[in-house]
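*Asks:* Below you'll find the structure I mean.
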Amino acid sequence: MATLLHRIGRLAFRRRGLAVLLWVVVLGAVGAAAVSTTSTSTTGLTLPGTESQRAIDLLDEKFPAVNADGASATIVLRAPDGQDIGDAGPKKAVTATLKDIRGSSSRITDVSDPFADETVSEDGTTAYAQVTYTVKETELTDAEYDGIDRAMDAGRDRGLTVEGTGDALPVAGESSTPEIIGFALAGLILVITFGSLAAAGLPLVTALLGVGVSLAAITALGSVFDMNGNTSMLAMMLGIAVGIDYALFIVSRYRAERAAGHDAREAAARANGTAGSAVVFAGLTVVIALAGLAVVNLPVLTTMGVAAAGAVAVAVLVAVTLVPALLGFAGDRVLGRSRGRTAAHASPVTGKRTVAQRWVGLVLRRPVAALLVSVIGLGTVAVPVSGLKLGLPDDGSQPVSTTQRRAYDMLTESFGPGFNGPLTVTVDDSDPQAAHDAADSLTQDIGKLPDVAAVTSATFNEAGDTAVLTVVPKSGPSSDATKDLVAAIRKLTAGTETDTGTRAMVTGTTALNIDMSGKFSDAMVPYLMLVVALAFLVLVLVFRSLLVPLKAALGFLLSVLAALGAVVAVFQWGWLADLIGLEQTGPITSLMPILLVGIVFGLAMDYQVFLVTRMREAYVHGADARTAIESGFRSSATVVTAAALIMITVFTGFVGSHDLTIKSIGFGLAVAVACDAFVVRMTLVPAVLALLGDRAWWLPRRLDRLVPDVDIEGGKLTGGAQPPSDRTLVLTRSGTAQR
């Protein structure tokens, strides 16, 4: 691997103009494809294999006249203080407002009449109307969004309080300011780390190009695959973070090679062969973790994982092909004004002990204490994870400045909390009479359940063999009482099918949420086993050791549990919620934990590879175990610290998002990187390696012969290094280690 990347780096440096041109062509090609593609991103979810999804599929089949995929909106209208909505003045204003909404688009199929449909609150102050479209929300135009907004504004001008919710209403646009601030802070960290604008600017440029290619490709593929609205945001988040970090490691190694006396071309080639090898294997672990999300068998999660994995793969390709080319253009400007300091940093011996040397010296003097403090500290932060509750974000989690949140609050106040999360019960049988009898029986039985506010009469299709019941709970969509109600109704439907053979199922947003949570819970253990096993094999290949990969996996578990604990404490319990602009606490988004696990695992392996590779490199070149730890830590601690700070600032930028899923993922990733980089990799790892000594690099002889030598340390580039197999340890029967 090192030899191959050395050749690629040398070629890219020599033919740097061509390398840059090729990437510009790639960006232009995918950009052109993206521009010519109509976006099909959606907020919809499908849950294959669940009862909720089977019920939705049944409704699509049995009620073809109802466009289940069509966009919809609920318009909530409230009379001025002291008046009823049915009074002459407010009623006239309601009628005029709904007429304006009906005229806002030719693709609106119906606007219900709240007075005819009796959708007026008991106190008479508030009413709501349902608006349905013939097309999906992704097909609505800006003119149609503006049209419904203007109609609602006209209603407000008539003295009404008018708010709306549903996918037919425009979502508040995301401000890019937090992300820009995060990117600017990343640039500042690079300037401080390198002391050179050229060296600092190079990772930023390559990261932006890589993200541009990735986002354009995702947009272009949106015409083929259903993309969730958060897919691009997640890809951008990871693409920027790893893109900067991967380039940072190669540029840092280039400066060290120049300080060691190599000319620019050879330094770029060697940096690509050594640091580039670490980038490739680190990126591979991230890709494995993200692509492994497909085991959950949830289409939205699969597309998000694959898209994010693609962004990471692009970042790796950019790092090992474009960075050496740009180093050729930058020349000595990358070295800055501190060539002497760079040389000292690269040297094994320095006149003055750095912060990194003092820290690793402290850890190595007290490895047991460092180990215990790290584990206990992370364990304490992880305690809240025991109270983790999963749910789907609804309009109740939106900022109060949005019309969706205000409509949600109005509906809750006037019609009850359960109105925002009604349940749909389907009843079907090949015998219409049996379907009618079962529907009548279920209507009565469900109405007797304690948490039911109302049950509508059954609505049948034209064939009379399928009915739909709407159940309005007394409790809110995310409450435990509503979850218990769904379980109680499903117990009734199961009894109906057992007794009569008539099939009945429960669906709706709340039921989908419950089924999704169950699906994630069932998939978590298999997913963890898959990614840990695959990444373990990759790390065995990289480090030619069994204990180092095992330690890396256990350290990851500590990091991810601490991150999830922090997420629960803030987003569920409300600790420090004001600090991050969180207006509403509640259950954690269902897909967030498993998505966080996948991403954190990949990023944790990044730091494991970058930090321990330098230790391994020193070890295979003849250093004893303790000296290898010190040398590797000294060589990589500064750049790993910078890389971690960059990731933290990038992820923190996304905490400013209005989208609760992105907000929680950004926060969780920032905490996870801080815990993993500074506690696990820079404290726990050297402590454990010190306790293990030479045994840390032990690999059974039989396995050593089977594992290919990828030469990630670049031993073949130096011409005099011992091959890793010559330093492999075996354990004698007495328990002592021998080379």
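Simple scheme: letters A, B, ... for chains in structure tokens order, numbers from 1 for residues in each chain, numbers from 1 for ligands in the order shown.
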Could you pull out all residues of range 371-453 of chain A with a DSSP call of strand (DSSP E) and give them as a PyMOL selection string?
*Replies:* chain A and resi 390-391+423-428+452-453
*Asks:* Show which residues sit within 8 Å of range 22-32 of chain A, as a compact mmCIF listing (two decimals) with N, CA and C atoms, in the first residue's frame. Count only C-alpha atoms, and ignore same-chain residues fewer than 2 positions away.
*Replies:*
# COMPACT_ATOMS: atom_id res chain seq x y z
N LEU A 18 -2.32 18.30 -14.56
CA LEU A 18 -3.28 17.33 -15.05
C LEU A 18 -4.17 16.82 -13.92
N ALA A 19 -3.57 16.60 -12.74
CA ALA A 19 -4.35 16.11 -11.59
C ALA A 19 -5.44 17.11 -11.21
N VAL A 20 -5.07 18.37 -11.15
CA VAL A 20 -6.07 19.40 -10.81
C VAL A 20 -7.13 19.49 -11.90
N ALA A 34 -26.16 17.26 -11.76
CA ALA A 34 -27.01 17.70 -10.65
C ALA A 34 -27.96 18.81 -11.08
N VAL A 35 -27.46 19.75 -11.88
CA VAL A 35 -28.28 20.88 -12.33
C VAL A 35 -29.44 20.40 -13.19
N SER A 36 -29.21 19.34 -13.97
CA SER A 36 -30.24 18.84 -14.89
C SER A 36 -31.20 17.86 -14.22
N LEU A 209 -13.72 21.01 -2.38
CA LEU A 209 -13.87 20.34 -3.67
C LEU A 209 -14.49 18.96 -3.48
N GLY A 212 -18.11 19.32 -2.68
CA GLY A 212 -18.83 19.74 -3.89
C GLY A 212 -19.13 18.56 -4.80
N VAL A 213 -18.14 17.70 -5.01
CA VAL A 213 -18.34 16.51 -5.84
C VAL A 213 -19.38 15.58 -5.21
N ALA A 216 -23.01 17.12 -5.33
CA ALA A 216 -23.51 17.10 -6.70
C ALA A 216 -23.91 15.69 -7.11
N ALA A 217 -23.10 14.71 -6.71
CA ALA A 217 -23.42 13.32 -7.04
C ALA A 217 -24.69 12.87 -6.34
N ALA A 220 -27.60 14.41 -8.15
CA ALA A 220 -27.83 13.74 -9.44
C ALA A 220 -28.49 12.38 -9.25
N LEU A 322 -5.14 14.66 -5.06
CA LEU A 322 -5.10 16.10 -5.28
C LEU A 322 -4.15 16.81 -4.32
*Asks:* Using DSSP secondary structure from the backbone, list all alpha helix (DSSP H) positions within range 201-249 of chain A, as a ChimeraX atom specification.
*Replies:* /A:201-221,231-249
*Asks:* Please write the residues from the selection above to a file, keeping N, CA, C and O atoms, as a short mmCIF file (atom, residue, chain, number, x, y, z; two decimals), in the first residue's frame.
*Replies:*
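What landed in again10.cif:
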data_model
loop_
_atom_site.label_atom_id
_atom_site.label_comp_id
_atom_site.auth_asym_id
_atom_site.auth_seq_id
_atom_site.Cartn_x
_atom_site.Cartn_y
_atom_site.Cartn_z
N GLY A 201 -4.62 26.71 4.05
CA GLY A 201 -5.64 26.81 3.00
C GLY A 201 -5.79 25.55 2.18
O GLY A 201 -6.88 25.26 1.66
N LEU A 202 -4.72 24.76 2.08
CA LEU A 202 -4.77 23.57 1.22
C LEU A 202 -5.83 22.56 1.69
O LEU A 202 -6.64 22.10 0.88
N PRO A 203 -5.89 22.19 2.98
CA PRO A 203 -6.96 21.27 3.41
C PRO A 203 -8.36 21.83 3.21
O PRO A 203 -9.30 21.08 2.91
N LEU A 204 -8.50 23.14 3.38
CA LEU A 204 -9.82 23.75 3.20
C LEU A 204 -10.28 23.65 1.75
O LEU A 204 -11.44 23.33 1.45
N VAL A 205 -9.35 23.92 0.84
CA VAL A 205 -9.69 23.87 -0.59
C VAL A 205 -10.06 22.45 -1.01
O VAL A 205 -11.06 22.23 -1.70
N THR A 206 -9.25 21.48 -0.60
CA THR A 206 -9.53 20.10 -1.01
C THR A 206 -10.81 19.58 -0.38
O THR A 206 -11.56 18.82 -1.00
N ALA A 207 -11.09 19.99 0.87
CA ALA A 207 -12.34 19.56 1.51
C ALA A 207 -13.54 20.12 0.78
O ALA A 207 -14.54 19.42 0.55
N LEU A 208 -13.48 21.39 0.40
CA LEU A 208 -14.59 22.00 -0.33
C LEU A 208 -14.81 21.33 -1.68
O LEU A 208 -15.95 21.09 -2.10
N LEU A 209 -13.72 21.01 -2.38
CA LEU A 209 -13.87 20.34 -3.67
C LEU A 209 -14.49 18.96 -3.48
O LEU A 209 -15.40 18.57 -4.23
N GLY A 210 -14.01 18.21 -2.49
CA GLY A 210 -14.56 16.89 -2.25
C GLY A 210 -16.04 16.94 -1.89
O GLY A 210 -16.84 16.14 -2.38
N VAL A 211 -16.42 17.88 -1.03
CA VAL A 211 -17.83 18.03 -0.66
C VAL A 211 -18.66 18.45 -1.86
O VAL A 211 -19.79 17.98 -2.04
N GLY A 212 -18.11 19.32 -2.68
CA GLY A 212 -18.83 19.74 -3.89
C GLY A 212 -19.13 18.56 -4.80
O GLY A 212 -20.25 18.41 -5.31
N VAL A 213 -18.14 17.70 -5.01
CA VAL A 213 -18.34 16.51 -5.84
C VAL A 213 -19.38 15.58 -5.21
O VAL A 213 -20.28 15.08 -5.89
N SER A 214 -19.28 15.39 -3.90
CA SER A 214 -20.20 14.47 -3.22
C SER A 214 -21.63 14.97 -3.27
O SER A 214 -22.56 14.21 -3.59
N LEU A 215 -21.85 16.25 -2.95
CA LEU A 215 -23.21 16.78 -2.93
C LEU A 215 -23.82 16.80 -4.33
O LEU A 215 -25.02 16.53 -4.50
N ALA A 216 -23.01 17.12 -5.33
CA ALA A 216 -23.51 17.10 -6.70
C ALA A 216 -23.91 15.69 -7.11
O ALA A 216 -24.95 15.48 -7.75
N ALA A 217 -23.10 14.71 -6.71
CA ALA A 217 -23.42 13.32 -7.04
C ALA A 217 -24.69 12.87 -6.34
O ALA A 217 -25.54 12.18 -6.93
N ILE A 218 -24.87 13.26 -5.08
CA ILE A 218 -26.08 12.90 -4.34
C ILE A 218 -27.31 13.52 -5.00
O ILE A 218 -28.35 12.87 -5.15
N THR A 219 -27.19 14.78 -5.41
CA THR A 219 -28.30 15.45 -6.08
C THR A 219 -28.64 14.76 -7.39
O THR A 219 -29.81 14.55 -7.73
N ALA A 220 -27.60 14.41 -8.15
CA ALA A 220 -27.83 13.74 -9.44
C ALA A 220 -28.49 12.38 -9.25
O ALA A 220 -29.38 12.00 -10.02
N LEU A 221 -28.09 11.66 -8.22
CA LEU A 221 -28.66 10.34 -7.97
C LEU A 221 -30.04 10.41 -7.33
O LEU A 221 -30.71 9.39 -7.19
N THR A 231 -30.07 13.70 4.00
CA THR A 231 -28.96 12.95 3.41
C THR A 231 -27.81 13.87 3.01
O THR A 231 -26.65 13.63 3.34
N SER A 232 -28.13 14.93 2.29
CA SER A 232 -27.08 15.87 1.84
C SER A 232 -26.41 16.56 3.02
O SER A 232 -25.20 16.77 3.02
N MET A 233 -27.21 16.91 4.03
CA MET A 233 -26.64 17.59 5.19
C MET A 233 -25.64 16.69 5.92
O MET A 233 -24.57 17.12 6.32
N LEU A 234 -25.99 15.42 6.08
CA LEU A 234 -25.08 14.48 6.74
C LEU A 234 -23.82 14.28 5.93
O LEU A 234 -22.70 14.26 6.47
N ALA A 235 -23.96 14.13 4.61
CA ALA A 235 -22.80 13.96 3.74
C ALA A 235 -21.89 15.18 3.80
O ALA A 235 -20.66 15.06 3.82
N MET A 236 -22.49 16.37 3.83
CA MET A 236 -21.68 17.59 3.91
C MET A 236 -20.95 17.67 5.25
O MET A 236 -19.77 18.03 5.30
N MET A 237 -21.65 17.33 6.33
CA MET A 237 -21.05 17.36 7.66
C MET A 237 -19.81 16.47 7.72
O MET A 237 -18.73 16.90 8.15
N LEU A 238 -19.95 15.24 7.27
CA LEU A 238 -18.82 14.31 7.32
C LEU A 238 -17.76 14.64 6.28
O LEU A 238 -16.56 14.52 6.54
N GLY A 239 -18.21 15.03 5.09
CA GLY A 239 -17.27 15.35 4.02
C GLY A 239 -16.32 16.46 4.39
O GLY A 239 -15.10 16.39 4.14
N ILE A 240 -16.85 17.52 5.00
CA ILE A 240 -16.00 18.64 5.42
C ILE A 240 -15.03 18.19 6.51
O ILE A 240 -13.82 18.47 6.46
N ALA A 241 -15.57 17.48 7.52
CA ALA A 241 -14.74 17.10 8.67
C ALA A 241 -13.60 16.18 8.26
O ALA A 241 -12.42 16.45 8.55
N VAL A 242 -13.91 15.07 7.60
CA VAL A 242 -12.84 14.13 7.24
C VAL A 242 -11.99 14.67 6.10
O VAL A 242 -10.78 14.38 6.03
N GLY A 243 -12.57 15.47 5.21
CA GLY A 243 -11.80 16.05 4.12
C GLY A 243 -10.68 16.94 4.63
O GLY A 243 -9.53 16.87 4.16
N ILE A 244 -10.99 17.77 5.61
CA ILE A 244 -9.97 18.64 6.20
C ILE A 244 -8.93 17.79 6.94
O ILE A 244 -7.72 17.99 6.81
N ASP A 245 -9.42 16.84 7.73
CA ASP A 245 -8.49 16.04 8.55
C ASP A 245 -7.55 15.20 7.71
O ASP A 245 -6.35 15.11 8.01
N TYR A 246 -8.07 14.55 6.66
CA TYR A 246 -7.21 13.70 5.84
C TYR A 246 -6.12 14.52 5.16
O TYR A 246 -4.95 14.10 5.09
N ALA A 247 -6.49 15.66 4.62
CA ALA A 247 -5.48 16.53 4.00
C ALA A 247 -4.50 17.05 5.04
O ALA A 247 -3.29 17.16 4.78
N LEU A 248 -5.00 17.33 6.24
CA LEU A 248 -4.16 17.82 7.32
C LEU A 248 -3.04 16.83 7.64
O LEU A 248 -1.87 17.20 7.80
N PHE A 249 -3.37 15.55 7.72
CA PHE A 249 -2.36 14.55 8.05
C PHE A 249 -1.31 14.43 6.97
O PHE A 249 -0.12 14.26 7.27
#
*Asks:* Find the spatial neighbours of range 105-115 of chain A, counting only C-alpha atoms, within a cut-off of 7 Å - ignore same-chain residues fewer than 3 positions away - and output them as a list of chain:residue names.
*Replies:*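 Surrounding residues, per the criterion: A:Arg102, A:Glu118, A:Thr119, A:Val120, A:Ala127, A:Tyr128, A:Ala129, A:Gln130, A:Val131, A:Thr132, A:Tyr133, A:Thr134, A:Glu144.
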*Asks:* Those selected residues, please, written with C-alpha atoms and delivered as a CSV table (one decimal), in the first residue's frame.
*Replies:*
chain,number,residue,atom,x,y,z
A,102,ARG,CA,-58.1,26.8,-2.9
A,118,GLU,CA,-67.8,19.8,12.1
A,119,THR,CA,-64.1,20.3,12.7
A,120,VAL,CA,-64.7,23.1,15.2
A,127,ALA,CA,-61.5,25.3,13.5
A,128,TYR,CA,-59.3,23.5,11.0
A,129,ALA,CA,-59.5,22.6,7.4
A,130,GLN,CA,-57.7,19.8,5.4
A,131,VAL,CA,-56.0,20.7,2.1
A,132,THR,CA,-54.9,17.9,-0.2
A,133,TYR,CA,-52.9,18.0,-3.4
A,134,THR,CA,-52.6,15.7,-6.4
A,144,GLU,CA,-47.4,27.2,-4.8
*Asks:* Write out as a list in words which residues come within 10 Å of Arg406 in chain A when counting only C-alpha atoms, dropping same-chain ones fewer than 3 positions away.
*Replies:*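 My list of contacting residues is Val76, Val162, Glu163, Gly164, Thr165, Asp395, Gly396, Gln398, Pro399, Val400, Ser401, Thr402, Thr403, Asp409, Met410, Leu411 and Thr412 of chain A.
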*Asks:* Measuring atom to atom with only C-alpha atoms, identify which of A:Phe520, A:Phe571, A:Phe536, A:Phe633 is nearest to Asn297 in chain A.
*Replies:*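 When distances to Asn297 in chain A are compared using only C-alpha atoms, the smallest one comes from A:Phe520.
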*Asks:* A:Asp117, A:Arg353, A:Ala151, A:Gly336: which is nearest Ile101 in chain A, counting only C-alpha atoms?
*Replies:*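 Nearest candidate to Ile101 in chain A out of A:Asp117, A:Arg353, A:Ala151, A:Gly336: A:Ala151.
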*Asks:* Can you tell me, as a ChimeraX atom specification, what residues are no more than 8 Å from Arg626 in chain A when counting only C-alpha atoms, ignoring any on the same chain fewer than 3 positions away?
*Replies:* /A:629-630,690,693
*Asks:* Take CA of Leu534 in chain A and CA of Gly565 in chain A and report the distance between them in Å, one decimal.
*Replies:* 25.8 Å
*Asks:* Of the candidates A:Thr627, A:Leu706, A:Ala79, A:Lys448, which one gets nearest to Gly361 in chain A if we count only C-alpha atoms?
*Replies:*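 With only C-alpha atoms as the atom set, the closest residue is A:Thr627.
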*Asks:* For CA of Glu497 in chain A and CA of Asp445 in chain A, quote the distance in Å rounded to one decimal.
*Replies:* 14.2 Å
*Asks:* Mind pulling up the distance from CA of Thr380 in chain A to CA of Val363 in chain A?
*Replies:*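 Computing the Euclidean distance for CA of Val363 in chain A and CA of Thr380 in chain A yields 20.7 Å.
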*Asks:* Determine, counting only C-alpha atoms, which protein, DNA and RNA residues have an atom within 10 Å of an atom of Asp332 in chain A; residues of the same chain fewer than 4 positions away are not included. Present the result as a ChimeraX atom specification.
*Replies:* /A:198-199,255,258,264,327-328,336-337,339
*Asks:* Keeping only N, CA and C atoms, take the residues you just selected and write them out as a short mmCIF file (atom, residue, chain, number, x, y, z; two decimals), in the first residue's frame.
*Replies:*
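Heads up, here's the output in selection16.cif:
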data_model
loop_
_atom_site.label_atom_id
_atom_site.label_comp_id
_atom_site.auth_asym_id
_atom_site.auth_seq_id
_atom_site.Cartn_x
_atom_site.Cartn_y
_atom_site.Cartn_z
N ALA A 198 -0.66 29.08 3.41
CA ALA A 198 -0.70 28.12 2.31
C ALA A 198 -1.01 26.73 2.83
N ALA A 199 -0.33 26.34 3.91
CA ALA A 199 -0.57 25.02 4.48
C ALA A 199 -1.97 24.92 5.07
N ARG A 255 5.51 18.18 5.60
CA ARG A 255 6.41 19.15 6.25
C ARG A 255 7.50 18.43 7.04
N ARG A 258 10.05 17.09 4.57
CA ARG A 258 10.92 18.18 4.08
C ARG A 258 11.94 18.54 5.14
N ALA A 264 11.12 18.37 -2.47
CA ALA A 264 9.66 18.53 -2.44
C ALA A 264 8.93 17.33 -3.03
N LEU A 327 0.46 20.38 -3.33
CA LEU A 327 1.75 20.60 -2.66
C LEU A 327 2.80 21.03 -3.67
N GLY A 328 2.69 20.48 -4.88
CA GLY A 328 3.63 20.88 -5.93
C GLY A 328 3.46 22.33 -6.31
N GLY A 336 6.04 27.57 5.64
CA GLY A 336 5.88 28.76 6.45
C GLY A 336 7.21 29.32 6.91
N ARG A 337 7.15 30.03 8.01
CA ARG A 337 8.35 30.69 8.53
C ARG A 337 9.02 29.89 9.64
N ARG A 339 10.55 26.71 9.66
CA ARG A 339 11.20 25.50 9.18
C ARG A 339 12.02 24.83 10.29
#
